[in-house]
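> Next comes the structure file start.csv, holding CSV, C-alpha atoms.
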```csv
chain,number,residue,atom,x,y,z
G,12,MET,CA,-14.2,6.1,31.2
G,13,LEU,CA,-11.0,5.3,33.0
G,14,GLY,CA,-11.4,1.7,32.3
G,15,TYR,CA,-11.9,2.5,28.6
G,16,LEU,CA,-8.7,4.5,28.5
G,17,SER,CA,-6.6,1.8,30.0
G,18,ASP,CA,-8.0,-0.8,27.6
G,19,PHE,CA,-7.1,1.6,24.8
G,20,GLU,CA,-3.5,1.8,26.1
G,21,LYS,CA,-3.4,-1.9,26.5
G,22,THR,CA,-4.2,-2.3,22.8
G,23,PHE,CA,-1.3,-0.1,21.9
G,24,ALA,CA,1.0,-1.9,24.3
G,25,ALA,CA,0.1,-5.1,22.6
G,26,MET,CA,0.8,-3.6,19.2
G,27,ASP,CA,4.1,-2.3,20.4
G,28,ASP,CA,5.0,-5.7,21.7
G,29,PHE,CA,4.0,-7.3,18.5
G,30,ARG,CA,6.1,-4.8,16.5
G,31,ARG,CA,9.1,-5.4,18.7
G,32,ARG,CA,8.8,-9.2,18.3
G,33,MET,CA,8.5,-8.8,14.5
G,34,GLU,CA,11.7,-6.7,14.4
G,35,ARG,CA,13.5,-9.2,16.5
G,36,PHE,CA,12.4,-12.0,14.3
G,37,VAL,CA,13.4,-10.2,11.1
G,38,GLU,CA,16.8,-9.3,12.6
G,39,SER,CA,17.7,-12.5,14.1
G,40,GLU,CA,16.4,-15.2,11.8
G,41,PRO,CA,18.3,-14.9,8.6
G,42,GLU,CA,21.8,-15.7,10.0
G,43,THR,CA,20.6,-18.4,12.3
G,44,ALA,CA,17.9,-20.8,11.2
G,45,PHE,CA,17.5,-20.2,7.5
G,46,ALA,CA,21.1,-19.6,6.6
G,47,VAL,CA,22.2,-23.0,7.7
G,48,ARG,CA,19.6,-24.8,5.6
G,49,SER,CA,19.8,-22.7,2.4
G,50,ALA,CA,23.5,-22.8,2.2
G,51,TRP,CA,23.9,-26.5,2.7
G,52,PRO,CA,26.5,-27.8,1.9
G,53,ARG,CA,29.1,-25.0,2.4
G,54,VAL,CA,31.3,-24.9,-0.7
G,55,SER,CA,34.7,-23.4,-1.3
G,56,MET,CA,36.7,-23.3,-4.5
G,57,TYR,CA,40.3,-22.5,-5.1
G,58,ASP,CA,42.4,-21.9,-8.2
G,59,MET,CA,45.5,-24.0,-7.9
G,60,GLY,CA,47.1,-22.9,-11.2
G,61,ALA,CA,46.8,-26.1,-13.2
G,62,SER,CA,43.5,-27.1,-11.6
G,63,PHE,CA,40.6,-26.1,-9.6
G,64,LEU,CA,39.9,-27.5,-6.1
G,65,LEU,CA,36.4,-27.6,-4.8
G,66,GLN,CA,35.6,-28.5,-1.3
G,67,ALA,CA,32.1,-29.1,0.1
G,68,ASP,CA,31.2,-29.8,3.7
G,69,VAL,CA,29.0,-32.9,3.7
G,70,PRO,CA,29.2,-34.3,7.2
G,71,GLY,CA,27.7,-37.8,7.6
G,72,LEU,CA,27.5,-38.5,3.9
G,73,ARG,CA,29.0,-41.5,2.2
G,74,GLU,CA,30.2,-41.9,-1.4
G,75,LYS,CA,26.8,-43.2,-2.5
G,76,ASP,CA,24.9,-40.2,-1.1
G,77,VAL,CA,26.5,-37.6,-3.4
G,78,GLN,CA,26.3,-37.1,-7.1
G,79,LEU,CA,28.7,-35.0,-9.2
G,80,GLN,CA,27.8,-33.9,-12.7
G,81,LEU,CA,29.7,-31.7,-15.2
G,82,THR,CA,27.7,-30.1,-17.9
G,83,GLN,CA,29.9,-28.0,-20.1
G,84,ASP,CA,31.3,-25.5,-17.6
G,85,VAL,CA,28.9,-26.1,-14.7
G,86,LEU,CA,29.7,-28.5,-12.0
G,87,THR,CA,26.6,-29.7,-10.0
G,88,LEU,CA,26.8,-31.4,-6.7
G,89,SER,CA,23.6,-33.0,-5.5
G,90,GLY,CA,22.3,-35.5,-3.0
G,91,GLU,CA,20.4,-36.1,0.1
G,92,ARG,CA,21.3,-36.0,3.8
G,93,LYS,CA,19.0,-38.0,6.0
G,94,VAL,CA,18.9,-37.6,9.7
G,95,GLU,CA,17.5,-40.5,11.6
G,96,VAL,CA,16.6,-40.5,15.3
G,97,PRO,CA,18.5,-43.4,16.8
G,98,GLN,CA,16.2,-46.2,17.9
G,99,GLY,CA,14.7,-45.8,21.3
G,100,TYR,CA,15.8,-42.2,21.9
G,101,SER,CA,13.7,-39.2,22.5
G,102,VAL,CA,14.6,-35.9,20.8
G,103,HIS,CA,15.7,-32.8,22.8
G,104,ARG,CA,17.1,-30.7,20.1
G,105,GLN,CA,17.5,-31.2,16.4
G,106,GLU,CA,19.5,-28.7,14.4
G,107,ARG,CA,21.0,-31.0,11.9
G,108,ALA,CA,18.2,-30.8,9.4
G,109,PRO,CA,17.6,-33.5,6.8
G,110,VAL,CA,18.2,-31.9,3.5
G,111,ARG,CA,18.0,-32.6,-0.2
G,112,PHE,CA,20.5,-30.4,-2.0
G,113,SER,CA,21.7,-29.3,-5.4
G,114,ARG,CA,24.4,-26.8,-5.8
G,115,SER,CA,25.9,-25.6,-9.1
G,116,VAL,CA,29.2,-23.9,-9.6
G,117,ALA,CA,30.1,-22.2,-12.9
G,118,LEU,CA,33.8,-22.8,-13.7
G,119,PRO,CA,35.6,-19.8,-15.0
G,120,VAL,CA,37.6,-21.8,-17.7
G,121,LYS,CA,37.3,-25.1,-19.5
G,122,VAL,CA,38.3,-28.2,-17.5
G,123,ASN,CA,39.4,-31.6,-18.5
G,124,GLY,CA,36.3,-33.6,-17.8
G,125,ASP,CA,37.9,-37.0,-18.0
G,126,GLN,CA,40.4,-36.3,-15.3
G,127,ILE,CA,38.2,-35.0,-12.6
G,128,SER,CA,38.7,-36.8,-9.3
G,129,ALA,CA,36.7,-36.7,-6.1
G,130,THR,CA,37.4,-38.0,-2.6
G,131,LEU,CA,35.4,-37.9,0.6
G,132,LYS,CA,37.2,-37.7,3.9
G,133,ASP,CA,36.2,-36.5,7.3
G,134,GLY,CA,32.9,-35.2,5.9
G,135,VAL,CA,34.6,-33.1,3.3
G,136,LEU,CA,34.2,-33.8,-0.4
G,137,THR,CA,37.2,-32.6,-2.3
G,138,VAL,CA,37.0,-32.4,-6.1
G,139,THR,CA,40.0,-31.8,-8.3
G,140,LEU,CA,39.3,-30.4,-11.7
G,141,PRO,CA,42.3,-30.1,-13.9
G,142,LYS,CA,42.1,-27.3,-16.4
G,143,SER,CA,42.2,-28.2,-20.0
G,144,PRO,CA,45.6,-27.6,-21.7
G,145,GLU,CA,44.5,-24.4,-23.5
G,146,SER,CA,43.3,-22.9,-20.2
G,147,GLN,CA,46.5,-23.6,-18.2
G,148,PRO,CA,48.7,-20.7,-17.3
G,149,ARG,CA,51.6,-20.5,-19.8
G,150,GLN,CA,54.9,-18.8,-19.2
G,151,ILE,CA,56.0,-16.6,-22.0
G,152,VAL,CA,59.7,-16.0,-22.4
G,153,VAL,CA,60.7,-12.4,-22.9
G,154,LYS,CA,63.7,-12.1,-25.2
G,155,GLY,CA,66.0,-9.2,-25.5
G,156,GLY,CA,66.3,-7.4,-28.8
R,3,MET,CA,61.2,2.4,5.4
R,4,THR,CA,64.1,-0.1,5.6
R,5,ASP,CA,63.7,-3.7,4.7
R,6,ARG,CA,64.1,-4.7,8.3
R,7,GLN,CA,61.2,-2.6,9.5
R,8,LEU,CA,59.1,-4.0,6.7
R,9,SER,CA,59.8,-7.6,7.6
R,10,ARG,CA,59.1,-6.9,11.2
R,11,ARG,CA,55.7,-5.5,10.3
R,12,GLU,CA,54.9,-8.5,8.2
R,13,GLY,CA,55.8,-10.7,11.1
R,14,ASN,CA,53.5,-8.8,13.4
R,15,ALA,CA,50.7,-9.1,11.0
R,16,SER,CA,50.9,-12.8,10.7
R,17,ALA,CA,51.1,-13.1,14.5
R,18,GLU,CA,47.8,-11.2,14.8
R,19,ARG,CA,46.2,-13.4,12.2
R,20,LEU,CA,47.2,-16.5,14.2
R,21,GLU,CA,45.5,-15.2,17.3
R,22,ARG,CA,42.3,-14.3,15.6
R,23,ARG,CA,40.9,-17.7,14.7
R,24,VAL,CA,37.3,-17.7,14.0
R,25,ALA,CA,35.1,-20.3,15.8
R,26,ILE,CA,31.7,-21.3,14.7
R,27,ALA,CA,29.0,-23.3,16.6
R,28,PRO,CA,28.4,-26.6,14.9
R,29,PRO,CA,24.7,-27.7,14.6
R,30,VAL,CA,23.9,-30.4,17.0
R,31,ASP,CA,21.2,-33.0,17.8
R,32,ILE,CA,20.6,-34.0,21.3
R,33,TYR,CA,18.9,-37.3,22.1
R,34,GLU,CA,18.1,-39.1,25.3
R,35,ASN,CA,17.1,-42.6,26.4
R,36,ALA,CA,17.0,-44.3,29.8
R,37,ASP,CA,20.7,-44.9,29.9
R,38,GLU,CA,22.4,-41.9,28.3
R,39,ILE,CA,22.3,-38.5,26.6
R,40,LEU,CA,23.6,-38.5,23.1
R,41,VAL,CA,25.0,-35.4,21.5
R,42,VAL,CA,25.6,-35.5,17.7
R,43,ALA,CA,27.5,-32.6,16.1
R,44,ASP,CA,28.3,-31.8,12.5
R,45,MET,CA,32.0,-31.0,12.2
R,46,PRO,CA,33.2,-31.5,8.7
R,47,GLY,CA,36.9,-31.1,8.2
R,48,ALA,CA,37.9,-31.7,11.8
R,49,HIS,CA,40.5,-34.4,12.4
R,50,PHE,CA,39.9,-36.6,15.4
R,51,ASP,CA,43.3,-35.6,16.9
R,52,SER,CA,42.1,-32.0,17.2
R,53,VAL,CA,38.8,-32.7,18.9
R,54,ASN,CA,38.6,-31.7,22.5
R,55,VAL,CA,35.7,-32.7,24.6
R,56,ARG,CA,35.7,-31.7,28.3
R,57,LEU,CA,33.2,-31.9,31.1
R,58,GLU,CA,33.8,-29.2,33.7
R,59,LYS,CA,31.3,-28.8,36.5
R,60,GLU,CA,28.1,-29.0,34.6
R,61,GLN,CA,29.3,-27.7,31.3
R,62,LEU,CA,30.2,-29.8,28.4
R,63,PHE,CA,32.8,-28.0,26.3
R,64,LEU,CA,33.5,-29.0,22.7
R,65,HIS,CA,36.2,-27.7,20.5
R,66,ALA,CA,37.8,-28.9,17.3
R,67,ARG,CA,40.3,-27.4,14.9
R,68,CYS,CA,39.7,-27.5,11.2
R,69,TYR,CA,42.4,-28.3,8.7
R,70,GLU,CA,43.0,-25.5,6.3
R,71,GLN,CA,43.4,-25.0,2.7
R,72,THR,CA,46.2,-22.5,2.4
R,73,GLU,CA,47.4,-22.9,-1.2
R,74,GLY,CA,45.8,-21.4,-4.3
R,75,GLU,CA,43.6,-18.4,-4.9
R,76,THR,CA,40.2,-18.4,-3.3
R,77,LEU,CA,37.4,-18.2,-5.8
R,78,LEU,CA,34.6,-19.1,-3.6
R,79,ALA,CA,34.8,-19.1,0.2
R,80,GLY,CA,32.7,-21.2,2.4
R,81,ALA,CA,33.3,-21.0,6.1
R,82,ARG,CA,36.6,-22.7,6.0
R,83,ASN,CA,39.5,-21.9,8.4
R,84,ALA,CA,37.0,-21.7,11.3
R,85,ASP,CA,37.2,-23.8,14.4
R,86,TYR,CA,34.2,-25.5,15.9
R,87,GLU,CA,33.3,-24.5,19.4
R,88,ARG,CA,30.2,-25.0,21.6
R,89,THR,CA,29.3,-25.3,25.2
R,90,PHE,CA,26.3,-27.1,26.7
R,91,LEU,CA,24.8,-27.2,30.1
R,92,VAL,CA,24.6,-30.8,31.2
R,93,PRO,CA,22.1,-32.0,33.8
R,94,ARG,CA,23.3,-33.5,37.0
R,95,GLY,CA,23.7,-37.2,37.2
R,96,ILE,CA,26.1,-37.8,34.3
R,97,ASP,CA,28.8,-40.3,34.9
R,98,ALA,CA,31.8,-38.2,33.9
R,99,GLU,CA,34.2,-41.2,33.9
R,100,LYS,CA,32.3,-43.0,31.2
R,101,ILE,CA,31.8,-40.2,28.6
R,102,ALA,CA,32.8,-41.5,25.2
R,103,ALA,CA,33.1,-39.6,21.9
R,104,SER,CA,33.7,-40.8,18.4
R,105,LEU,CA,34.2,-38.9,15.1
R,106,ARG,CA,33.1,-40.5,11.8
R,107,ASP,CA,32.6,-38.9,8.4
R,108,GLY,CA,32.8,-35.4,10.0
R,109,VAL,CA,30.1,-36.2,12.6
R,110,LEU,CA,31.0,-36.2,16.3
R,111,GLU,CA,29.0,-38.4,18.7
R,112,ILE,CA,29.3,-37.9,22.4
R,113,HIS,CA,27.7,-40.5,24.7
R,114,LEU,CA,27.0,-39.2,28.2
R,115,PRO,CA,25.9,-42.1,30.3
R,116,LYS,CA,23.7,-41.4,33.2
R,117,SER,CA,25.0,-42.4,36.6
R,118,GLN,CA,23.3,-45.4,38.3
R,119,SER,CA,21.4,-43.2,40.8
R,120,VAL,CA,19.4,-41.3,38.3
R,121,LYS,CA,18.4,-44.1,36.0
R,122,PRO,CA,14.8,-45.2,36.1
R,123,ARG,CA,14.4,-48.2,38.3
R,124,ARG,CA,11.7,-50.8,38.2
R,125,ILE,CA,10.3,-51.6,41.6
R,126,GLU,CA,9.0,-55.0,42.0
R,127,VAL,CA,5.6,-55.4,43.5
R,128,ARG,CA,5.2,-58.5,45.5
R,129,GLY,CA,1.9,-60.2,46.4
R,130,ASN,CA,1.3,-62.1,49.6
```
Turn this file's structure into structure tokens for me.

Amino acid sequence: MLGYLSDFEKTFAAMDDFRRRMERFVESEPETAFAVRSAWPRVSMYDMGASFLLQADVPGLREKDVQLQLTQDVLTLSGERKVEVPQGYSVHRQERAPVRFSRSVALPVKVNGDQISATLKDGVLTVTLPKSPESQPRQIVVKGG
Amino acid sequence: MTDRQLSRREGNASAERLERRVAIAPPVDIYENADEILVVADMPGAHFDSVNVRLEKEQLFLHARCYEQTEGETLLAGARNADYERTFLVPRGIDAEKIAASLRDGVLEIHLPKSQSVKPRRIEVRGN
């Protein structure tokens, strides 16, 4: 009888342990493992008045690895980041996951598609999107009566 | 409130902002072969001038400052304006003098050569 009881308790202890582990998993995972992968690359955008400036963190990528496409008001950045284990090395830790990505940003106003320029430096892609003339801020002179 | 008080307040606020720089841990790969340990870290936006790699006792400390976009109105904020910072425990037997680091396309590589004494050695077997 005693033996039966302790087995019974053990079952609950195991379930408690399982529940604790699940809670910990649910709490801790999103901002660590998954967040890095789903939000790759990190993108920032700024309104500079006459243009928009978009910056994307694409460490290790070269010009040929990224594609930029403008369809109406949506700018899409896509590409692939491969991670290769250097020849003859064994792996201890690998957090820099290989990723195939596509991120789209809706632009708030029309831009001049012909004058978009993009540069890649220090692993940061910088895209300058000049606003089309009708969307540029205009100063209105206030006249006295 | 006088203008003077107001400006002093603003001054304080900016001073606080300067102190409170956010640091994030860059994702890293760690590889090893017979000669060295290789650490590869993603640090986009870091300039090589600002990268600081230091081995102290058995800890490898890594820090880099990111250049910032200060103009314009932010429409979409990634994790800009954050520094990179990470510390690793390094096994014994690393030749501290020969550690080399390079930064290319926002990827930092740190080569940690093993000292002669811990490298695998081939022992020759002689017949009679």
> Residues of chain R within 12 Å of chain G, counting all atoms listed in the file, what are they? List them as a compact mmCIF listing (two decimals) with C-alpha atoms, in the frame of the given file.

```
# COMPACT_ATOMS: atom_id res chain seq x y z
CA ILE R 26 31.70 -21.30 14.70
CA ALA R 27 29.00 -23.30 16.60
CA PRO R 28 28.40 -26.60 14.90
CA PRO R 29 24.70 -27.70 14.60
CA VAL R 30 23.90 -30.40 17.00
CA ASP R 31 21.20 -33.00 17.80
CA ILE R 32 20.60 -34.00 21.30
CA TYR R 33 18.90 -37.30 22.10
CA GLU R 34 18.10 -39.10 25.30
CA ASN R 35 17.10 -42.60 26.40
CA ALA R 36 17.00 -44.30 29.80
CA ASP R 37 20.70 -44.90 29.90
CA GLU R 38 22.40 -41.90 28.30
CA ILE R 39 22.30 -38.50 26.60
CA LEU R 40 23.60 -38.50 23.10
CA VAL R 41 25.00 -35.40 21.50
CA VAL R 42 25.60 -35.50 17.70
CA ALA R 43 27.50 -32.60 16.10
CA ASP R 44 28.30 -31.80 12.50
CA MET R 45 32.00 -31.00 12.20
CA PRO R 46 33.20 -31.50 8.70
CA GLY R 47 36.90 -31.10 8.20
CA ALA R 48 37.90 -31.70 11.80
CA HIS R 49 40.50 -34.40 12.40
CA PHE R 50 39.90 -36.60 15.40
CA ASP R 51 43.30 -35.60 16.90
CA CYS R 68 39.70 -27.50 11.20
CA TYR R 69 42.40 -28.30 8.70
CA GLU R 70 43.00 -25.50 6.30
CA GLN R 71 43.40 -25.00 2.70
CA THR R 72 46.20 -22.50 2.40
CA GLU R 73 47.40 -22.90 -1.20
CA GLY R 74 45.80 -21.40 -4.30
CA GLU R 75 43.60 -18.40 -4.90
CA THR R 76 40.20 -18.40 -3.30
CA LEU R 77 37.40 -18.20 -5.80
CA LEU R 78 34.60 -19.10 -3.60
CA ALA R 79 34.80 -19.10 0.20
CA GLY R 80 32.70 -21.20 2.40
CA ALA R 81 33.30 -21.00 6.10
CA ARG R 82 36.60 -22.70 6.00
CA ASN R 83 39.50 -21.90 8.40
CA PHE R 90 26.30 -27.10 26.70
CA LEU R 105 34.20 -38.90 15.10
CA ARG R 106 33.10 -40.50 11.80
CA ASP R 107 32.60 -38.90 8.40
CA GLY R 108 32.80 -35.40 10.00
CA VAL R 109 30.10 -36.20 12.60
CA LEU R 110 31.00 -36.20 16.30
CA GLU R 111 29.00 -38.40 18.70
```
> May I have the residues within 9 Å of Arg94 (chain R) as a PyMOL selection string, using all atoms listed in the file and disregarding those fewer than 6 positions away in the same chain?
chain R and resi 60+116+120
> Can you work out which one of R:Lys100, R:Arg23, R:His113, R:Arg88 has the shortest atom-to-atom distance to Gln61 (chain R), counting all atoms listed in the file?
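Checking each candidate against Gln61 (chain R), we get R:Arg88 as the closest.
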> I'd like to know which of R:Asp97, R:Ser119, R:Leu114, R:Val24 is closest to Ala66 (chain R), using all atoms listed in the file.
R:Val24
> Just give me the gap between CA of Ser104 (chain R) and CA of Arg56 (chain R) in Å, one decimal is fine.
13.6 Å
> Rounded to one decimal in Å, what is the spacing between CA of Glu87 (chain R) and CA of Leu57 (chain R)?
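Calculated distance between CA of Glu87 (chain R) and CA of Leu57 (chain R) is 13.8 Å.
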> CA of Glu95 (chain G) and CA of Ala129 (chain G), how far apart in Å?
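Separation between CA of Ala129 (chain G) and CA of Glu95 (chain G): 26.4 Å.
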> When distances are computed from only C-alpha atoms, which of G:Leu88, G:Ile127, G:Leu81, G:Ile151 shows the smallest separation from Phe112 (chain G)?
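Distance minimum relative to Phe112 (chain G) lands on G:Leu88.
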> Of the residues G:Lys154, G:Pro148, G:Glu74, G:Asp84, which is the one nearest to Ser115 (chain G), using only C-alpha atoms?
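Among the listed residues, G:Asp84 lies closest to Ser115 (chain G).
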> Using all atoms listed in the file, which protein or nucleic acid residues come within 8 Å of Leu79 (chain G)? Drop anything in the same chain fewer than 5 positions from it, and give the result as number ranges by chain.
G: 86-89
